[in-house]
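Text of the file model00.cif, holding mmCIF, C-alpha atoms and all ligand atoms:
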```cif
data_structure
#
loop_
_atom_site.label_atom_id
_atom_site.label_comp_id
_atom_site.auth_asym_id
_atom_site.auth_seq_id
_atom_site.Cartn_x
_atom_site.Cartn_y
_atom_site.Cartn_z
CA MET N 26 96.48 87.40 113.57
CA ALA N 27 100.21 87.38 112.74
CA LYS N 28 101.23 88.71 109.35
CA LEU N 29 103.05 86.60 106.79
CA ARG N 30 106.26 88.38 105.79
CA PHE N 31 107.23 88.01 102.13
CA GLY N 32 110.31 88.29 99.98
CA ILE N 33 109.94 88.42 96.19
CA VAL N 34 112.50 86.57 94.06
CA GLY N 35 112.88 88.22 90.63
CA ALA N 36 111.98 91.87 90.19
CA GLY N 37 110.79 91.94 86.56
CA GLY N 38 107.35 92.24 84.96
CA ILE N 39 105.08 90.01 87.06
CA ALA N 40 106.89 90.81 90.33
CA HIS N 41 105.04 94.12 90.24
CA ALA N 42 101.72 92.27 90.40
CA HIS N 43 103.06 90.34 93.41
CA ALA N 44 104.11 93.50 95.22
CA ARG N 45 100.82 95.27 94.48
CA ALA N 46 98.84 92.24 95.64
CA LEU N 47 100.77 92.18 98.93
CA ARG N 48 100.27 95.91 99.38
CA GLY N 49 96.53 95.38 99.06
CA LEU N 50 96.62 92.66 101.75
CA ALA N 51 98.38 94.78 104.39
CA ASP N 52 96.29 93.35 107.24
CA GLN N 53 97.54 89.81 106.50
CA ALA N 54 100.93 90.25 104.84
CA GLU N 55 103.98 92.44 104.57
CA LEU N 56 106.52 92.72 101.76
CA VAL N 57 109.91 92.95 103.48
CA ALA N 58 112.49 92.49 100.70
CA ALA N 59 113.15 91.41 97.11
CA CYS N 60 116.05 90.27 94.98
CA ASP N 61 117.02 90.08 91.33
CA ALA N 62 120.07 88.72 89.53
CA VAL N 63 120.33 92.10 87.77
CA ALA N 64 121.41 94.66 90.35
CA ALA N 65 119.74 97.61 88.57
CA ALA N 66 116.39 95.77 88.39
CA ALA N 67 116.58 95.00 92.11
CA GLU N 68 117.38 98.60 92.93
CA ARG N 69 114.54 100.05 90.82
CA PHE N 70 112.08 97.65 92.42
CA GLY N 71 113.29 98.54 95.90
CA GLN N 72 112.82 102.23 95.22
CA GLU N 73 109.34 101.69 93.78
CA PHE N 74 108.08 99.66 96.73
CA GLY N 75 110.23 101.15 99.51
CA ILE N 76 111.93 97.90 100.51
CA PRO N 77 115.53 96.64 100.77
CA THR N 78 116.66 94.55 97.81
CA TYR N 79 119.54 92.24 96.96
CA GLY N 80 121.04 92.46 93.49
CA GLY N 81 123.37 90.01 91.76
CA GLU N 82 123.71 86.24 91.42
CA ASP N 83 123.83 85.68 95.20
CA GLY N 84 120.76 87.88 95.81
CA VAL N 85 118.50 84.87 96.45
CA GLU N 86 120.78 83.43 99.15
CA ARG N 87 120.97 86.79 100.89
CA LEU N 88 117.19 87.15 100.77
CA LEU N 89 116.70 83.60 102.09
CA ALA N 90 119.15 84.27 104.94
CA ARG N 91 116.79 86.89 106.39
CA PRO N 92 115.00 85.43 109.41
CA ASP N 93 112.14 87.92 109.00
CA VAL N 94 111.18 86.42 105.61
CA ASP N 95 108.52 83.74 106.25
CA ALA N 96 107.56 83.16 102.62
CA VAL N 97 108.86 83.90 99.14
CA SER N 98 107.05 84.33 95.86
CA LEU N 99 108.95 83.29 92.74
CA ALA N 100 108.72 85.72 89.82
CA THR N 101 111.77 84.49 87.91
CA PRO N 102 112.12 82.72 84.54
CA SER N 103 110.21 79.41 84.70
CA GLY N 104 113.31 77.22 84.40
CA LEU N 105 114.60 78.60 87.71
CA HIS N 106 111.51 77.88 89.82
CA PHE N 107 112.46 74.36 90.89
CA ARG N 108 115.96 75.26 92.11
CA GLN N 109 114.81 78.41 93.89
CA ALA N 110 111.76 76.69 95.40
CA GLY N 111 113.96 73.89 96.73
CA ALA N 112 116.45 76.34 98.27
CA ALA N 113 113.67 78.42 99.82
CA LEU N 114 111.82 75.41 101.25
CA ARG N 115 115.05 74.04 102.74
CA ALA N 116 115.71 77.49 104.25
CA GLY N 117 112.38 77.08 106.06
CA LYS N 118 110.33 79.43 103.85
CA HIS N 119 106.87 78.89 102.41
CA VAL N 120 106.85 79.24 98.61
CA LEU N 121 104.34 80.60 96.12
CA THR N 122 105.65 80.00 92.60
CA GLU N 123 104.59 81.59 89.34
CA LYS N 124 103.22 79.45 86.55
CA PRO N 125 104.35 77.10 85.19
CA MET N 126 105.59 75.71 88.53
CA ALA N 127 108.34 73.88 86.62
CA ILE N 128 109.18 73.08 83.03
CA THR N 129 109.73 69.32 83.37
CA LEU N 130 108.02 66.65 85.45
CA GLU N 131 111.34 65.74 87.07
CA GLN N 132 111.62 69.32 88.34
CA ALA N 133 108.00 69.32 89.51
CA ASP N 134 108.57 66.05 91.38
CA GLU N 135 111.68 67.44 93.06
CA MET N 136 109.64 70.40 94.26
CA ILE N 137 106.86 68.15 95.54
CA ALA N 138 109.44 66.03 97.40
CA ALA N 139 111.11 69.12 98.92
CA GLN N 140 107.70 70.34 100.11
CA ALA N 141 106.96 66.98 101.73
CA GLN N 142 110.39 66.82 103.40
CA THR N 143 110.26 70.33 104.83
CA GLY N 144 106.57 70.48 105.70
CA ARG N 145 106.42 74.06 104.40
CA THR N 146 103.63 75.25 102.10
CA LEU N 147 104.21 75.21 98.34
CA GLY N 148 101.55 76.84 96.16
CA CYS N 149 101.26 77.74 92.46
CA VAL N 150 99.92 80.86 90.81
CA PHE N 151 96.96 79.99 88.56
CA GLN N 152 94.88 83.12 88.97
CA GLN N 153 92.34 82.08 86.32
CA ARG N 154 90.91 79.59 88.81
CA PHE N 155 89.67 82.53 90.89
CA ASN N 156 87.70 84.16 88.08
CA PRO N 157 84.00 84.17 89.02
CA ALA N 158 83.25 82.47 85.69
CA ALA N 159 85.55 79.57 86.52
CA VAL N 160 84.33 79.34 90.12
CA ILE N 161 80.69 79.22 88.99
CA VAL N 162 81.33 76.53 86.40
CA ARG N 163 83.46 74.41 88.73
CA ALA N 164 80.78 74.57 91.46
CA ALA N 165 78.08 73.55 88.99
CA ILE N 166 80.19 70.62 87.77
CA ASP N 167 80.94 69.52 91.37
CA GLU N 168 77.22 69.62 92.15
CA GLY N 169 76.55 67.37 89.15
CA ARG N 170 74.64 70.00 87.19
CA PHE N 171 76.69 69.43 84.02
CA GLY N 172 76.21 65.65 84.16
CA ARG N 173 79.00 63.63 82.54
CA ILE N 174 81.67 65.76 80.86
CA LEU N 175 81.77 64.96 77.14
CA HIS N 176 83.89 67.76 75.66
CA ALA N 177 86.45 70.25 77.00
CA ASN N 178 88.37 72.67 74.80
CA ALA N 179 91.00 75.35 75.47
CA TYR N 180 91.99 78.00 72.91
CA LEU N 181 94.57 80.73 73.31
CA LYS N 182 95.33 83.02 70.39
CA TRP N 183 97.52 85.84 71.60
CA HIS N 184 99.82 88.37 69.97
CA ARG N 185 103.49 88.37 70.92
CA THR N 186 106.10 90.38 69.04
CA GLN N 187 109.64 89.26 68.26
CA GLN N 188 110.75 92.01 70.64
CA TYR N 189 108.80 90.34 73.46
CA TYR N 190 110.75 87.13 72.90
CA ASP N 191 114.08 88.93 72.61
CA GLN N 192 113.63 90.78 75.93
CA GLY N 193 115.18 89.12 78.94
CA GLY N 194 116.79 86.42 76.81
CA TRP N 195 114.82 83.56 78.40
CA ARG N 196 111.46 83.61 76.62
CA GLY N 197 111.02 81.07 73.86
CA THR N 198 114.02 79.01 75.08
CA TRP N 199 113.78 75.36 76.10
CA ALA N 200 116.11 75.83 79.07
CA MET N 201 114.28 78.70 80.78
CA ASP N 202 110.75 78.94 79.27
CA GLY N 203 110.41 75.17 78.84
CA GLY N 204 108.36 75.74 75.71
CA GLY N 205 106.51 78.54 73.99
CA ALA N 206 102.88 79.29 73.30
CA LEU N 207 101.75 76.18 75.20
CA MET N 208 104.09 76.21 78.23
CA ASN N 209 104.18 79.95 78.79
CA GLN N 210 100.86 81.44 77.66
CA SER N 211 98.34 78.59 77.21
CA VAL N 212 99.25 76.95 80.52
CA HIS N 213 96.58 79.07 82.26
CA TYR N 214 93.79 77.83 79.99
CA ILE N 215 95.06 74.25 79.78
CA ASP N 216 94.99 74.24 83.58
CA LEU N 217 91.47 75.67 83.65
CA MET N 218 90.24 73.16 81.11
CA GLN N 219 91.74 70.17 82.93
CA TRP N 220 90.56 71.49 86.32
CA LEU N 221 86.98 71.87 85.10
CA ALA N 222 86.89 68.66 83.05
CA GLY N 223 88.51 66.43 85.67
CA GLY N 224 91.85 65.82 83.97
CA VAL N 225 93.37 64.85 80.63
CA ALA N 226 94.32 61.19 80.05
CA ALA N 227 96.08 61.24 76.66
CA VAL N 228 97.07 63.58 73.85
CA GLN N 229 98.12 63.65 70.23
CA GLY N 230 99.63 66.86 68.93
CA TYR N 231 101.53 69.05 66.52
CA THR N 232 103.74 72.05 67.28
CA GLY N 233 105.34 74.61 64.99
CA THR N 234 107.45 77.75 65.01
CA LEU N 235 105.64 79.69 62.33
CA ASN N 236 106.34 83.38 62.71
CA HIS N 237 109.01 84.08 65.36
CA ARG N 238 112.74 83.48 65.68
CA ILE N 239 112.62 81.29 68.81
CA GLU N 240 113.72 77.77 69.77
CA THR N 241 110.30 76.69 71.03
CA GLU N 242 106.83 76.64 69.47
CA ASP N 243 104.72 79.68 68.72
CA ALA N 244 101.87 77.34 67.80
CA GLY N 245 100.68 74.04 69.25
CA VAL N 246 97.54 71.99 68.76
CA ALA N 247 96.40 68.78 70.40
CA ALA N 248 93.51 66.38 70.32
CA VAL N 249 92.88 65.15 73.86
CA ARG N 250 91.17 62.25 75.54
CA LEU N 251 89.70 63.37 78.88
CA ARG N 252 89.82 61.29 82.05
CA SER N 253 86.01 61.49 82.02
CA GLY N 254 86.06 59.52 78.77
CA GLY N 255 85.20 62.62 76.76
CA LEU N 256 87.21 64.32 74.01
CA GLY N 257 88.71 67.76 73.61
CA VAL N 258 90.94 70.14 71.71
CA ILE N 259 93.81 72.42 72.75
CA GLU N 260 95.04 75.21 70.49
CA GLY N 261 97.63 77.75 71.60
CA MET N 262 99.53 80.31 69.56
CA THR N 263 101.18 83.71 69.81
CA ASN N 264 100.76 84.49 66.09
CA ASN N 265 97.47 86.37 66.24
CA PRO N 266 98.12 89.64 64.40
CA ALA N 267 95.03 91.19 65.99
CA ASN N 268 93.59 91.08 69.48
CA GLU N 269 94.16 88.53 72.21
CA TYR N 270 91.55 85.83 72.29
CA ASP N 271 91.18 82.99 74.79
CA ARG N 272 88.36 80.63 75.45
CA VAL N 273 87.61 77.52 77.50
CA GLU N 274 84.55 75.42 76.65
CA ILE N 275 82.97 72.62 78.67
CA TYR N 276 80.06 70.48 77.51
CA GLY N 277 78.41 67.87 79.70
CA THR N 278 75.33 65.74 79.19
CA ASP N 279 73.24 68.26 81.18
CA GLY N 280 75.11 71.55 81.06
CA MET N 281 77.60 73.65 79.12
CA ALA N 282 79.69 76.77 79.62
CA VAL N 283 82.03 79.01 77.65
CA ILE N 284 84.55 81.23 79.41
CA GLU N 285 85.88 83.82 76.97
CA GLY N 286 88.39 86.51 77.89
CA GLY N 287 87.85 85.51 81.53
CA GLN N 288 84.12 86.25 81.29
CA LEU N 289 81.25 83.80 81.51
CA ALA N 290 80.13 84.11 77.89
CA ARG N 291 77.65 81.21 77.83
CA TYR N 292 76.17 79.02 80.55
CA PHE N 293 73.32 76.57 80.49
CA THR N 294 72.19 73.67 82.63
CA ARG N 295 68.97 71.70 82.23
CA ALA N 296 68.34 72.10 85.98
CA GLU N 297 68.46 75.91 85.75
CA GLU N 298 66.74 76.27 82.38
CA VAL N 299 64.39 79.24 82.26
CA ARG N 300 60.99 77.95 81.19
CA PRO N 301 59.15 79.91 78.56
CA THR N 302 56.51 82.30 79.87
CA GLU N 303 53.75 84.13 78.09
CA ALA N 304 55.83 87.28 78.07
CA GLU N 305 59.02 85.42 76.94
CA PRO N 306 57.77 82.52 74.85
CA ARG N 307 61.26 81.35 73.76
CA PRO N 308 63.25 79.48 76.42
CA SER N 309 66.63 81.06 77.24
CA ARG N 310 69.60 78.89 76.36
CA ASN N 311 72.19 81.29 77.73
CA LEU N 312 71.80 81.89 81.45
CA ALA N 313 75.27 83.48 81.83
CA PRO N 314 74.14 87.05 82.62
CA GLN N 315 71.63 85.99 85.32
CA VAL N 316 73.94 83.38 86.86
CA LEU N 317 76.87 85.79 86.98
CA GLU N 318 74.80 88.61 88.47
CA ARG N 319 73.37 86.32 91.15
CA TRP N 320 76.83 85.01 92.04
CA LYS N 321 78.38 88.50 92.22
CA ALA N 322 75.59 89.71 94.52
CA ALA N 323 76.30 86.76 96.84
CA HIS N 324 80.10 87.39 96.81
CA PRO N 325 80.57 91.17 97.02
CA ASP N 326 84.14 91.00 98.40
CA TRP N 327 85.50 88.37 96.01
CA LYS N 328 89.06 89.03 94.83
CA THR N 329 90.44 87.99 91.44
CA GLY N 330 93.91 87.84 89.84
CA HIS N 331 97.08 87.89 91.92
CA PRO N 332 95.35 89.43 94.98
CA ALA N 333 93.09 86.36 95.11
CA VAL N 334 96.04 83.98 94.74
CA PHE N 335 98.05 85.69 97.48
CA GLN N 336 95.08 86.03 99.82
CA SER N 337 94.23 82.33 99.62
CA PHE N 338 97.89 81.27 99.89
CA ILE N 339 98.39 83.44 102.99
CA GLY N 340 95.19 82.08 104.54
CA ALA N 341 96.39 78.53 103.89
CA VAL N 342 99.77 79.14 105.57
CA LEU N 343 98.37 80.97 108.56
CA GLU N 344 95.59 78.43 109.09
CA ARG N 345 97.84 75.45 108.31
CA ARG N 346 95.81 74.02 105.46
CA GLU N 347 96.66 73.14 101.86
CA PRO N 348 96.89 76.07 99.44
CA PRO N 349 94.13 76.21 96.80
CA VAL N 350 96.59 75.24 94.05
CA THR N 351 99.00 72.72 95.53
CA ALA N 352 102.18 71.59 93.82
CA ARG N 353 100.41 68.36 92.80
CA GLU N 354 97.73 70.47 91.13
CA GLY N 355 100.32 72.72 89.49
CA ARG N 356 102.02 69.64 88.05
CA LYS N 357 98.93 68.61 86.05
CA ALA N 358 99.16 71.33 83.38
CA VAL N 359 102.92 70.71 83.06
CA ALA N 360 102.22 66.99 82.54
CA ILE N 361 99.73 67.73 79.75
CA ILE N 362 102.04 70.18 77.98
CA VAL N 363 105.18 68.02 78.08
CA SER N 364 103.02 65.15 76.79
CA ILE N 365 101.89 67.29 73.82
CA TYR N 366 105.56 68.09 73.06
CA ARG N 367 106.41 64.41 73.19
CA ALA N 368 103.41 63.46 71.05
CA ALA N 369 104.44 66.05 68.45
CA ARG N 370 108.07 64.88 68.47
CA GLU N 371 107.26 61.19 68.27
CA GLY N 372 104.14 61.39 66.09
CA ARG N 373 102.00 59.25 68.38
CA GLU N 374 99.47 59.30 71.20
CA VAL N 375 101.04 59.94 74.62
CA THR N 376 99.45 58.99 77.94
CA VAL N 377 99.60 61.92 80.35
CA PRO N 378 101.53 60.73 83.44
CA GLU N 379 99.49 61.14 86.61
CA GLY N 380 101.98 60.53 89.40
CA ARG N 381 105.76 60.73 89.45
CA ALA N 382 107.62 61.12 86.16
CA GLU N 383 108.26 57.82 84.36
N1 LIG Y 401 100.55 84.61 86.33
C1 LIG Y 401 100.70 85.34 85.25
O1 LIG Y 401 99.75 85.82 84.65
C2 LIG Y 401 102.09 85.60 84.73
C3 LIG Y 401 102.31 86.66 83.84
C4 LIG Y 401 103.62 86.89 83.38
C5 LIG Y 401 104.66 86.05 83.76
N2 LIG Y 401 104.40 85.00 84.61
C6 LIG Y 401 105.48 84.10 85.02
O2 LIG Y 401 106.33 84.82 85.90
C7 LIG Y 401 107.69 84.44 85.70
C8 LIG Y 401 108.51 85.68 85.35
O3 LIG Y 401 108.00 86.28 84.18
P1 LIG Y 401 108.21 87.85 83.87
O4 LIG Y 401 107.36 88.14 82.68
O5 LIG Y 401 108.02 88.66 85.10
O6 LIG Y 401 109.75 87.84 83.44
P2 LIG Y 401 110.78 89.06 83.46
O7 LIG Y 401 111.88 88.68 82.54
O8 LIG Y 401 110.06 90.35 83.25
O9 LIG Y 401 111.31 89.04 84.98
C9 LIG Y 401 112.10 88.01 85.49
C10 LIG Y 401 113.13 88.64 86.44
O10 LIG Y 401 113.88 87.60 87.07
C11 LIG Y 401 115.23 88.03 87.14
N3 LIG Y 401 116.12 86.89 87.31
C12 LIG Y 401 116.67 86.09 86.36
N4 LIG Y 401 117.45 85.15 86.94
C13 LIG Y 401 117.41 85.35 88.27
C14 LIG Y 401 118.00 84.71 89.39
N5 LIG Y 401 118.80 83.66 89.23
N6 LIG Y 401 117.73 85.20 90.62
C15 LIG Y 401 116.92 86.27 90.79
N7 LIG Y 401 116.34 86.93 89.76
C16 LIG Y 401 116.57 86.46 88.53
C17 LIG Y 401 115.46 88.80 85.85
O11 LIG Y 401 116.57 89.66 85.94
C18 LIG Y 401 114.15 89.54 85.72
O12 LIG Y 401 114.18 90.83 86.31
C19 LIG Y 401 107.68 83.37 84.61
O13 LIG Y 401 107.66 82.09 85.21
C20 LIG Y 401 106.36 83.62 83.88
O14 LIG Y 401 105.82 82.46 83.27
C21 LIG Y 401 103.15 84.78 85.09
#
```
Show this structure as structure tokens.
Amino acid sequence: MAKLRFGIVGAGGIAHAHARALRGLADQAELVAACDAVAAAAERFGQEFGIPTYGGEDGVERLLARPDVDAVSLATPSGLHFRQAGAALRAGKHVLTEKPMAITLEQADEMIAAQAQTGRTLGCVFQQRFNPAAVIVRAAIDEGRFGRILHANAYLKWHRTQQYYDQGGWRGTWAMDGGGALMNQSVHYIDLMQWLAGGVAAVQGYTGTLNHRIETEDAGVAAVRLRSGGLGVIEGMTNNPANEYDRVEIYGTDGMAVIEGGQLARYFTRAEEVRPTEAEPRPSRNLAPQVLERWKAAHPDWKTGHPAVFQSFIGAVLERREPPVTAREGRKAVAIIVSIYRAAREGREVTVPEGRAE
């Protein structure tokens, strides 16, 4: 099968994960070039991965002009994704964009329109969806084993220093990060929560900048009304002085699960309940270890993280099907987060827009 030839746009932190993922998929893909607005960053990256790079403001155009680049992955500040995705799609390239796909719904809609006009593939990086824990829970929900979803909660309590925000000059800014603890960090878990629960219909929220010198929030909380009719909570912050902590919880009428630190921490469904035996007279209410072990034995070659995202995106392009996280899917977390910002600003409940921006 032909290989998909990639260029990486932006050669900073996460670009390394892109390059390593492509290296690990050498039978399906090839990294041919990269670019960065900062010439020195482009050059360092090129030396590390043994590829030509384009530095400077016009680096993207020069990369897109290469006929041997079939696809680009975007590893640039979030506020640049929509413009770069549009340019790449119009240059005939397939695009895999980092999260969040865009920082406003208008930008997301422009990207969706550019994808439709060009017929190229546009996918979003949400690697948490490939975690075995998330895959197991989603499959159980799809098979009806959780019953009706009543509660879905997402918590992210991470530690970010002032130095982290000061680096690069784009983090914690409205123009380029599009938000703070919610838009940048919590977006993964908000996406997971909405993906598992079947969407968020409305939110009420508060945001605050409590312990960093940044424009955007380092803390945000929301009460949410799920599309299932259930209720939930979102809490995201980068003020944890200790360890990183993240958790997604789903409770249905017949099953529940907790994904903590990417692991399946708790899992129970009535259908799978382990009945008490003489040897084990108490019924088990946490089937996570058995369920996870069984699943891993059945999926020995399963990839996670960026390798999983790239592998599935490449498969989708080569086999001409939709990527696992389409632009419409990527838009959902953005819609929830901008609605929380609006709810916090206006002090009222905000309906999460489903289709095009209002
Ligand atoms: N999926 C994940 O787990 C994950 C993790 C970290 C970051 N991200 C996302 O990846 C993106 C980049 O984050 P990062 O932490 O790598 O940032 P970074 O600051 O380390 O790297 C961004 C790079 O883009 C370059 N750049 C800026 N403007 C450019 C332009 N116009 N053209 C080309 N290059 C340009 C910068 O010089 C820099 O080298 C963000 O959208 C972020 O949300 C995702």
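Each of N:Leu312, N:Val57, N:Ile39, N:Met126 was checked against ligand LIG 401 (chain Y) using only C-alpha atoms and all ligand atoms; the smallest atom-to-atom distance is that of N:Ile39.
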query: Which is closer to ligand LIG 401 (chain Y) than all the others in N:Phe335, N:Tyr366, N:Tyr231, N:Trp327, using only C-alpha atoms and all ligand atoms?
result: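 Nearest candidate to ligand LIG 401 (chain Y) out of N:Phe335, N:Tyr366, N:Tyr231, N:Trp327: N:Phe335.
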- request: Name the residues in contact with Arg145 (chain N) at a cut-off of 9 Å, using only C-alpha atoms, excluding same-chain residues fewer than 3 positions from it; report them as a PyMOL selection string.
  value: chain N and resi 114-115+117-120+139-142+342
Just write the chosen residues, C-alpha atoms, as an mmCIF file, in the frame of the given file.
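So out-v3.cif came out as:
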```cif
data_model
loop_
_atom_site.group_PDB
_atom_site.id
_atom_site.type_symbol
_atom_site.label_atom_id
_atom_site.label_comp_id
_atom_site.auth_asym_id
_atom_site.auth_seq_id
_atom_site.Cartn_x
_atom_site.Cartn_y
_atom_site.Cartn_z
ATOM 1 C CA LEU N 114 111.820 75.410 101.250
ATOM 2 C CA ARG N 115 115.050 74.040 102.740
ATOM 3 C CA GLY N 117 112.380 77.080 106.060
ATOM 4 C CA LYS N 118 110.330 79.430 103.850
ATOM 5 C CA HIS N 119 106.870 78.890 102.410
ATOM 6 C CA VAL N 120 106.850 79.240 98.610
ATOM 7 C CA ALA N 139 111.110 69.120 98.920
ATOM 8 C CA GLN N 140 107.700 70.340 100.110
ATOM 9 C CA ALA N 141 106.960 66.980 101.730
ATOM 10 C CA GLN N 142 110.390 66.820 103.400
ATOM 11 C CA VAL N 342 99.770 79.140 105.570
#
```
- request: List the neighbours of Arg173 (chain N) out to 12 Å using all atoms listed in the file; skip same-chain residues closer than 3 positions along the sequence, and give me the result as a ChimeraX atom specification.
  value: /N:165-170,176-177,221-223,251-256,275-281
message: If we count all atoms listed in the file and set the cut-off at 7 Å, which residues sit around Trp183 (chain N), ignoring sequence neighbours fewer than 6 positions away in its own chain? Please answer as a ChimeraX atom specification.
response: /N:262-265,268-270
Find the nearest atom pair between each residue of chain N and ligand LIG 401 (chain Y) for residues within 7 Å, count all atoms listed in the file, give distances in Å to one decimal, sort rows by chain and ascending number, and present the table as CSV.
```
residue,atom,partner,partner_atom,distance
N:Val34,CA,Y:LIG401,C15,5.5
N:Gly35,CA,Y:LIG401,O10,3.7
N:Ala36,CA,Y:LIG401,O12,4.6
N:Gly37,CA,Y:LIG401,O9,3.3
N:Gly38,CA,Y:LIG401,O5,3.6
N:Ile39,CA,Y:LIG401,O5,3.8
N:Ala40,CA,Y:LIG401,O5,5.8
N:Cys60,CA,Y:LIG401,C15,5.9
N:Asp61,CA,Y:LIG401,N7,3.6
N:Ala62,CA,Y:LIG401,N7,4.1
N:Val63,CA,Y:LIG401,O11,4.8
N:Ala66,CA,Y:LIG401,O12,5.8
N:Glu82,CA,Y:LIG401,N5,6.0
N:Gly84,CA,Y:LIG401,C15,6.5
N:Val85,CA,Y:LIG401,N6,5.9
N:Ala100,CA,Y:LIG401,C7,4.4
N:Thr101,CA,Y:LIG401,O10,3.9
N:Pro102,CA,Y:LIG401,C19,4.5
N:Ser103,CA,Y:LIG401,O13,3.7
N:Leu105,CA,Y:LIG401,N5,6.7
N:Glu123,CA,Y:LIG401,O2,5.0
N:Lys124,CA,Y:LIG401,O14,5.2
N:Pro125,CA,Y:LIG401,O14,5.9
N:Val150,CA,Y:LIG401,N1,5.9
N:Phe151,CA,Y:LIG401,N1,6.3
N:Gln152,CA,Y:LIG401,N1,6.4
N:Gly193,CA,Y:LIG401,O7,4.9
N:Asn209,CA,Y:LIG401,O14,5.4
```
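Between CA of Ala59 (chain N) and CA of Cys149 (chain N) lies a distance of 18.7 Å.
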message: What does the structure give for the distance between CA of Leu289 (chain N) and CA of Val249 (chain N), in Å to one decimal?
response: 23.3 Å
message: Residues within 8 Å of Glu68 (chain N), please, as a list in words. Count all atoms listed in the file; anything in the same chain fewer than 5 positions from it doesn't count.
response: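 So the residues in contact are Thr78, Tyr79 and Gly80 of chain N.
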- prompt: Restricting the calculation to all atoms listed in the file, which member of N:Val359, N:Ala116, N:Ala44, N:Ala96 is positioned closest to Leu343 (chain N)?
  reply: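 Between N:Val359, N:Ala116, N:Ala44, N:Ala96, the residue approaching Leu343 (chain N) most closely is N:Ala96.
The residue that comes closest to Met201 (chain N), out of N:Ala341, N:Ala64, N:Ala127, N:Ala58 and on the basis of only C-alpha atoms, is N:Ala127.
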task: For CA of Val246 (chain N) and CA of Val350 (chain N), quote the distance in Å rounded to one decimal.
output: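 If I compute the distance from CA of Val246 (chain N) to CA of Val350 (chain N), I get 25.5 Å.
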